[in-house]
Amino acid sequence: MMENYYDEYVAHVTDKKCPAGQCKSLMEYVINAENCVGCTACARVCPVNAISGERKEVHHIDPSICIKCGACMEKCKFDAIFIR
Ligand code: SF4
Ligand code: SF4
């Protein structure tokens with residue numbers, strides 16, 4: 001396993017990242033401040049109120065509340081939400 005998947009192992013265990021974006025526990029939904037126009041669509045669709053921000057201002061996702069459902073990313077028309 002270590003021979004074939006060493007890089008993936010290091011990414012998951014050391015860097016706490018999943019390069020393939022398959023491990024939900026290591027994913028984080030983030031808003032790109034450069035693209036966010038503050039339309040509030042993401043905040044209105046979030047089932048757990050993890051997104052804050054005033055209208056016409058950059059919004060922010062609280063990772064400690066986010067359940068990683070992906071609804072906000074689907075809703076954003078400005079490609080401002082991404083997974084890292
Ligand atoms: S839906 Fe997109 S543009 Fe609108 S507030 Fe959310 S992140 Fe910003
Ligand atoms: S992924 Fe789901 S829970 Fe997380 S901020 Fe977006 S809508 Fe809310």
# chains A, B, ... in the order shown; residues from 1 in each chain; ligands from 1
call {"tool": "select_by_dssp", "arguments": {"residues": "chain A", "states": "strand (DSSP E or B)", "output": "number ranges by chain"}}
result
A: 29-31, 51-52, 60-61, 81-83
call {"tool": "write_last_selection", "arguments": {"atoms": "C-alpha atoms", "output": "CSV table (one decimal), in the first residue's frame"}}
result
chain,number,residue,atom,x,y,z
A,29,TYR,CA,-16.3,24.6,1.6
A,30,VAL,CA,-14.8,28.0,1.1
A,31,ILE,CA,-16.0,31.3,-0.4
A,51,ILE,CA,-22.9,31.1,6.1
A,52,SER,CA,-22.8,34.7,7.3
A,60,HIS,CA,-18.1,33.5,4.9
A,61,ILE,CA,-18.6,29.8,5.7
A,81,ILE,CA,-17.7,28.6,-3.6
A,82,PHE,CA,-15.1,25.9,-3.9
A,83,ILE,CA,-13.8,22.9,-2.0
call {"tool": "residues_around", "arguments": {"residues": "A:Cys18", "least_positions_apart": "2", "cutoff": "12 Å", "atoms": "only C-alpha atoms", "output": "NGL selection string"}}
result
:A and (7-16 or 20-28 or 83-84)
call {"tool": "atom_distance", "arguments": {"atom1": "atom CA of A:Val37", "atom2": "atom 3 (S, counted along the ligand's line) of ligand 1"}}
result
4.4 Å
call {"tool": "closest_residue", "arguments": {"among": "A:Asn49, A:Asn35, A:Asn4, A:Ser64", "to": "ligand 2", "atoms": "only C-alpha atoms and all ligand atoms"}}
result
A:Asn49
call {"tool": "select_by_dssp", "arguments": {"residues": "stretch 2-75 of chain A", "states": "alpha helix (DSSP H)", "output": "list of chain:residue names"}}
result
A:Met2, A:Glu3, A:Asn4, A:Tyr5, A:Tyr6, A:Asp7, A:Glu8, A:Tyr9, A:Val10, A:Ala11, A:His12, A:Val13, A:Ala41, A:Cys42, A:Ala43, A:Arg44, A:Val45, A:Ala71, A:Cys72, A:Met73, A:Glu74, A:Lys75
call {"tool": "residues_near_ligand", "arguments": {"ligand": "ligand 1", "cutoff": "12 Å", "atoms": "only C-alpha atoms and all ligand atoms", "output": "NGL selection string"}}
result
:A and (29-46 or 50-61 or 70-82)
